[in-house]
Amino acid sequence: MYRIEIEKYHPINEQEIKEPILVTGAAGFIGRRLVKRLLSEGKQVKAFDVMACPESLQDEPNLTWYKGDISKRDDVKQAVTNSGSIFHLAALVGDWGQAALHQKITVEGTHTLFEVALAASAKPRIVLASSIVVYGDQINGERCYEGMPHGWFFGPYGKSKQTQETIAHQFIQQGLDIRMVRPANVYGAGSKPWVDDVCVELRKGMPVLISGGNYNAGLVHVDNVIEILMLASKSGQARGQ
């Protein structure tokens, strides 16, 4: 069972999210929803992804789309320039793919982004989307809380997310304003593993029930994740946490 504890949020020292707002991994499941949420609030958004801008967003007047590779410095620099805030979601998700690919995209891409942000004349505020996988083998064994050290990781995804957080702490020490959020298993309309794939199995008449359907899958709705990401960017308490 997932038992993750976070400190109670107290909305003090709340600030506006600095614009323009850069979202990396903007074509992903969470990224698309975050971009739409920011646009719905009238924010100036810069979206960065290796994929081209989706047709549904091409006519948005407050959106600038940057098609690029997170591991390429020139691509990242173009997107980061003049950004007031960054939501860093770009990563290779799941344990599929070679370890080298996780290293290139999630680890080296994060390092490149933070390095470019640190060199900017006006350093942006950054929210890093990490994952509860950083708790590793501690997840099913004990109560997890924000301040506990990383556990023994499972697979290249877990290792890359742990390394990503280690890099973040290094840049925090150098003066970069980074806040980290650790989502669990994110579901909602458009979620491949937690909605689409499950529906395929249900249509086959082959539902899979773990522990008789009583197991805690650690699910969190995508809109709630977006709410936490935005609160992390606004709250002065979240800096360096």
# chains A, B, ... in the order shown; residues from 1 in each chain; ligands from 1

$ residues_around --residues "Ala47 of chain A" --least-positions-apart "3" --cutoff "9 Å" --atoms "only C-alpha atoms" --output "PyMOL selection string"
chain A and resi 21-27+31+35+53+63-67+79

$ atom_distance --atom1 "atom CA of Ser71 of chain A" --atom2 "atom CA of Lys104 of chain A"
6.4 Å

$ select_by_dssp --residues "segment 97-160 of chain A" --states "strand (DSSP E)" --output "PyMOL selection string"
chain A and resi 125-129+144-145

$ closest_residue --among "A:Gln241, A:Gln103, A:Ser131, A:Ser83" --to "Asn185 of chain A" --atoms "only C-alpha atoms"
A:Ser131

$ closest_residue --among "A:Ile172, A:Ala217, A:Ala120, A:Ile17" --to "Gly236 of chain A" --atoms "only C-alpha atoms"
A:Ile17

$ closest_residue --among "A:Pro20, A:Gly68, A:Pro156, A:Pro61" --to "Lys46 of chain A" --atoms "only C-alpha atoms"
A:Pro20

$ residues_around --residues "segment 174-181 of chain A" --least-positions-apart "4" --cutoff "6 Å" --atoms "only C-alpha atoms" --output "JSON list (two decimals) with C-alpha atoms, in the first residue's frame"
[["chain", "number", "residue", "atom", "x", "y", "z"],
["A", 125, "ARG", "CA", 11.46, 29.76, -10.86],
["A", 126, "ILE", "CA", 11.38, 26.01, -11.60],
["A", 127, "VAL", "CA", 8.97, 23.27, -10.56],
["A", 128, "LEU", "CA", 10.38, 19.79, -11.19],
["A", 129, "ALA", "CA", 7.92, 16.95, -11.70],
["A", 130, "SER", "CA", 9.66, 14.05, -10.00],
["A", 238, "ALA", "CA", 8.10, 25.45, -1.49],
["A", 239, "ARG", "CA", 11.44, 26.93, -2.54],
["A", 240, "GLY", "CA", 14.20, 24.33, -2.25],
["A", 241, "GLN", "CA", 11.74, 21.73, -0.97]]

$ residues_around --residues "Gln15 of chain A" --least-positions-apart "6" --cutoff "10 Å" --atoms "only C-alpha atoms" --output "list in words"
Leu231, Ser233, Lys234, Ser235 and Gly236 of chain A

$ write_last_selection --atoms "all heavy atoms" --output "compact mmCIF listing (two decimals), in the first residue's frame"
# COMPACT_ATOMS: atom_id res chain seq x y z
N LEU A 231 0.53 25.24 -7.24
CA LEU A 231 0.72 25.71 -5.87
C LEU A 231 2.20 25.75 -5.51
O LEU A 231 2.66 26.66 -4.83
CB LEU A 231 -0.04 24.81 -4.89
CG LEU A 231 -1.55 24.96 -4.85
CD1 LEU A 231 -2.18 23.88 -3.98
CD2 LEU A 231 -1.96 26.35 -4.35
N SER A 233 4.64 26.32 -7.50
CA SER A 233 5.25 27.47 -8.16
C SER A 233 4.91 28.78 -7.44
O SER A 233 5.72 29.70 -7.40
CB SER A 233 4.80 27.55 -9.61
OG SER A 233 5.43 28.62 -10.30
N LYS A 234 3.72 28.84 -6.88
CA LYS A 234 3.25 30.07 -6.22
C LYS A 234 3.79 30.24 -4.80
O LYS A 234 4.00 31.38 -4.34
CB LYS A 234 1.73 30.09 -6.17
CG LYS A 234 1.05 30.19 -7.51
CD LYS A 234 -0.48 30.10 -7.33
CE LYS A 234 -1.20 30.15 -8.66
NZ LYS A 234 -2.68 30.04 -8.47
N SER A 235 3.97 29.16 -4.08
CA SER A 235 4.28 29.23 -2.66
C SER A 235 5.76 29.49 -2.36
O SER A 235 6.63 28.75 -2.82
CB SER A 235 3.86 27.93 -1.97
OG SER A 235 4.29 27.92 -0.62
N GLY A 236 6.01 30.52 -1.58
CA GLY A 236 7.39 30.80 -1.17
C GLY A 236 7.94 29.70 -0.27
O GLY A 236 9.16 29.47 -0.23

$ closest_residue --among "A:Leu219, A:Gln164, A:Glu55, A:Gly205" --to "Pro193 of chain A" --atoms "only C-alpha atoms"
A:Leu219

$ closest_residue --among "A:Leu101, A:Val107, A:Leu118, A:Arg37" --to "Asn224 of chain A" --atoms "only C-alpha atoms"
A:Arg37

$ atom_distance --atom1 "atom CA of Asp223 of chain A" --atom2 "atom CA of Lys192 of chain A"
15.8 Å

$ closest_residue --among "A:Gly213, A:Gly84, A:Gly94, A:Pro54" --to "Ser121 of chain A" --atoms "only C-alpha atoms"
A:Gly84

$ atom_distance --atom1 "atom CA of Val222 of chain A" --atom2 "atom CA of Trp194 of chain A"
11.2 Å

$ decode --residues "segment 43-55 of chain A" --atoms "all heavy atoms" --output "PDB file, in the first residue's frame"
ATOM      1  N   LYS A  43      -2.644  33.003 -19.186  1.00  0.00           N
ATOM      2  CA  LYS A  43      -1.197  33.090 -19.035  1.00  0.00           C
ATOM      3  C   LYS A  43      -0.481  33.024 -20.391  1.00  0.00           C
ATOM      4  O   LYS A  43      -0.970  32.413 -21.338  1.00  0.00           O
ATOM      5  CB  LYS A  43      -0.681  31.947 -18.161  1.00  0.00           C
ATOM      6  CG  LYS A  43      -1.343  31.828 -16.805  1.00  0.00           C
ATOM      7  CD  LYS A  43      -1.024  32.987 -15.897  1.00  0.00           C
ATOM      8  CE  LYS A  43      -1.561  32.759 -14.484  1.00  0.00           C
ATOM      9  NZ  LYS A  43      -1.359  33.935 -13.606  1.00  0.00           N
ATOM     10  N   GLN A  44       0.682  33.644 -20.447  1.00  0.00           N
ATOM     11  CA  GLN A  44       1.556  33.532 -21.605  1.00  0.00           C
ATOM     12  C   GLN A  44       2.388  32.259 -21.437  1.00  0.00           C
ATOM     13  O   GLN A  44       3.160  32.145 -20.484  1.00  0.00           O
ATOM     14  CB  GLN A  44       2.479  34.752 -21.712  1.00  0.00           C
ATOM     15  CG  GLN A  44       1.761  36.052 -22.050  1.00  0.00           C
ATOM     16  CD  GLN A  44       1.238  36.069 -23.481  1.00  0.00           C
ATOM     17  OE1 GLN A  44       1.820  35.450 -24.371  1.00  0.00           O
ATOM     18  NE2 GLN A  44       0.130  36.774 -23.693  1.00  0.00           N
ATOM     19  N   VAL A  45       2.222  31.306 -22.348  1.00  0.00           N
ATOM     20  CA  VAL A  45       2.830  29.979 -22.206  1.00  0.00           C
ATOM     21  C   VAL A  45       3.795  29.686 -23.346  1.00  0.00           C
ATOM     22  O   VAL A  45       3.502  29.964 -24.516  1.00  0.00           O
ATOM     23  CB  VAL A  45       1.742  28.882 -22.161  1.00  0.00           C
ATOM     24  CG1 VAL A  45       2.377  27.506 -22.010  1.00  0.00           C
ATOM     25  CG2 VAL A  45       0.766  29.141 -21.022  1.00  0.00           C
ATOM     26  N   LYS A  46       4.939  29.118 -22.978  1.00  0.00           N
ATOM     27  CA  LYS A  46       5.923  28.613 -23.941  1.00  0.00           C
ATOM     28  C   LYS A  46       5.978  27.101 -23.744  1.00  0.00           C
ATOM     29  O   LYS A  46       6.286  26.631 -22.649  1.00  0.00           O
ATOM     30  CB  LYS A  46       7.283  29.244 -23.679  1.00  0.00           C
ATOM     31  CG  LYS A  46       7.280  30.753 -23.759  1.00  0.00           C
ATOM     32  CD  LYS A  46       8.529  31.354 -23.125  1.00  0.00           C
ATOM     33  CE  LYS A  46       9.762  31.069 -23.929  1.00  0.00           C
ATOM     34  NZ  LYS A  46      10.963  31.704 -23.329  1.00  0.00           N
ATOM     35  N   ALA A  47       5.673  26.360 -24.786  1.00  0.00           N
ATOM     36  CA  ALA A  47       5.633  24.900 -24.679  1.00  0.00           C
ATOM     37  C   ALA A  47       6.817  24.291 -25.415  1.00  0.00           C
ATOM     38  O   ALA A  47       7.123  24.685 -26.549  1.00  0.00           O
ATOM     39  CB  ALA A  47       4.322  24.373 -25.259  1.00  0.00           C
ATOM     40  N   PHE A  48       7.463  23.332 -24.771  1.00  0.00           N
ATOM     41  CA  PHE A  48       8.658  22.699 -25.357  1.00  0.00           C
ATOM     42  C   PHE A  48       8.471  21.186 -25.375  1.00  0.00           C
ATOM     43  O   PHE A  48       8.148  20.581 -24.358  1.00  0.00           O
ATOM     44  CB  PHE A  48       9.891  23.057 -24.520  1.00  0.00           C
ATOM     45  CG  PHE A  48      11.184  22.487 -25.044  1.00  0.00           C
ATOM     46  CD1 PHE A  48      11.923  23.168 -26.010  1.00  0.00           C
ATOM     47  CD2 PHE A  48      11.669  21.276 -24.574  1.00  0.00           C
ATOM     48  CE1 PHE A  48      13.119  22.643 -26.475  1.00  0.00           C
ATOM     49  CE2 PHE A  48      12.861  20.750 -25.047  1.00  0.00           C
ATOM     50  CZ  PHE A  48      13.587  21.435 -26.004  1.00  0.00           C
ATOM     51  N   ASP A  49       8.680  20.588 -26.547  1.00  0.00           N
ATOM     52  CA  ASP A  49       8.561  19.138 -26.654  1.00  0.00           C
ATOM     53  C   ASP A  49       9.223  18.685 -27.954  1.00  0.00           C
ATOM     54  O   ASP A  49       9.356  19.472 -28.899  1.00  0.00           O
ATOM     55  CB  ASP A  49       7.092  18.701 -26.648  1.00  0.00           C
ATOM     56  CG  ASP A  49       6.914  17.246 -26.222  1.00  0.00           C
ATOM     57  OD1 ASP A  49       7.241  16.347 -27.021  1.00  0.00           O
ATOM     58  OD2 ASP A  49       6.458  17.024 -25.090  1.00  0.00           O
ATOM     59  N   VAL A  50       9.617  17.416 -27.986  1.00  0.00           N
ATOM     60  CA  VAL A  50      10.185  16.846 -29.206  1.00  0.00           C
ATOM     61  C   VAL A  50       9.097  16.650 -30.260  1.00  0.00           C
ATOM     62  O   VAL A  50       9.384  16.526 -31.458  1.00  0.00           O
ATOM     63  CB  VAL A  50      10.902  15.512 -28.896  1.00  0.00           C
ATOM     64  CG1 VAL A  50       9.901  14.418 -28.553  1.00  0.00           C
ATOM     65  CG2 VAL A  50      11.807  15.096 -30.043  1.00  0.00           C
ATOM     66  N   MET A  51       7.830  16.645 -29.827  1.00  0.00           N
ATOM     67  CA  MET A  51       6.694  16.520 -30.731  1.00  0.00           C
ATOM     68  C   MET A  51       6.254  17.903 -31.212  1.00  0.00           C
ATOM     69  O   MET A  51       6.475  18.914 -30.545  1.00  0.00           O
ATOM     70  CB  MET A  51       5.520  15.841 -30.019  1.00  0.00           C
ATOM     71  CG  MET A  51       5.845  14.495 -29.404  1.00  0.00           C
ATOM     72  SD  MET A  51       6.122  13.224 -30.643  1.00  0.00           S
ATOM     73  CE  MET A  51       4.454  13.019 -31.260  1.00  0.00           C
ATOM     74  N   ALA A  52       5.626  17.933 -32.385  1.00  0.00           N
ATOM     75  CA  ALA A  52       5.091  19.188 -32.910  1.00  0.00           C
ATOM     76  C   ALA A  52       3.848  19.608 -32.131  1.00  0.00           C
ATOM     77  O   ALA A  52       3.240  18.795 -31.422  1.00  0.00           O
ATOM     78  CB  ALA A  52       4.742  19.029 -34.391  1.00  0.00           C
ATOM     79  N   CYS A  53       3.471  20.859 -32.245  1.00  0.00           N
ATOM     80  CA  CYS A  53       2.302  21.376 -31.537  1.00  0.00           C
ATOM     81  C   CYS A  53       1.042  20.647 -31.990  1.00  0.00           C
ATOM     82  O   CYS A  53       0.773  20.528 -33.187  1.00  0.00           O
ATOM     83  CB  CYS A  53       2.158  22.866 -31.819  1.00  0.00           C
ATOM     84  SG  CYS A  53       0.743  23.638 -31.015  1.00  0.00           S
ATOM     85  N   PRO A  54       0.255  20.128 -31.040  1.00  0.00           N
ATOM     86  CA  PRO A  54      -0.997  19.455 -31.404  1.00  0.00           C
ATOM     87  C   PRO A  54      -1.938  20.408 -32.136  1.00  0.00           C
ATOM     88  O   PRO A  54      -1.946  21.615 -31.881  1.00  0.00           O
ATOM     89  CB  PRO A  54      -1.584  19.042 -30.046  1.00  0.00           C
ATOM     90  CG  PRO A  54      -0.432  19.050 -29.104  1.00  0.00           C
ATOM     91  CD  PRO A  54       0.483  20.120 -29.596  1.00  0.00           C
ATOM     92  N   GLU A  55      -2.709  19.869 -33.037  1.00  0.00           N
ATOM     93  CA  GLU A  55      -3.621  20.690 -33.832  1.00  0.00           C
ATOM     94  C   GLU A  55      -4.587  21.477 -32.958  1.00  0.00           C
ATOM     95  O   GLU A  55      -4.954  22.616 -33.275  1.00  0.00           O
ATOM     96  CB  GLU A  55      -4.405  19.778 -34.789  1.00  0.00           C
ATOM     97  CG  GLU A  55      -5.171  20.522 -35.853  1.00  0.00           C
ATOM     98  CD  GLU A  55      -5.797  19.592 -36.875  1.00  0.00           C
ATOM     99  OE1 GLU A  55      -5.159  18.584 -37.238  1.00  0.00           O
ATOM    100  OE2 GLU A  55      -6.935  19.873 -37.300  1.00  0.00           O
TER     101      GLU A  55
END
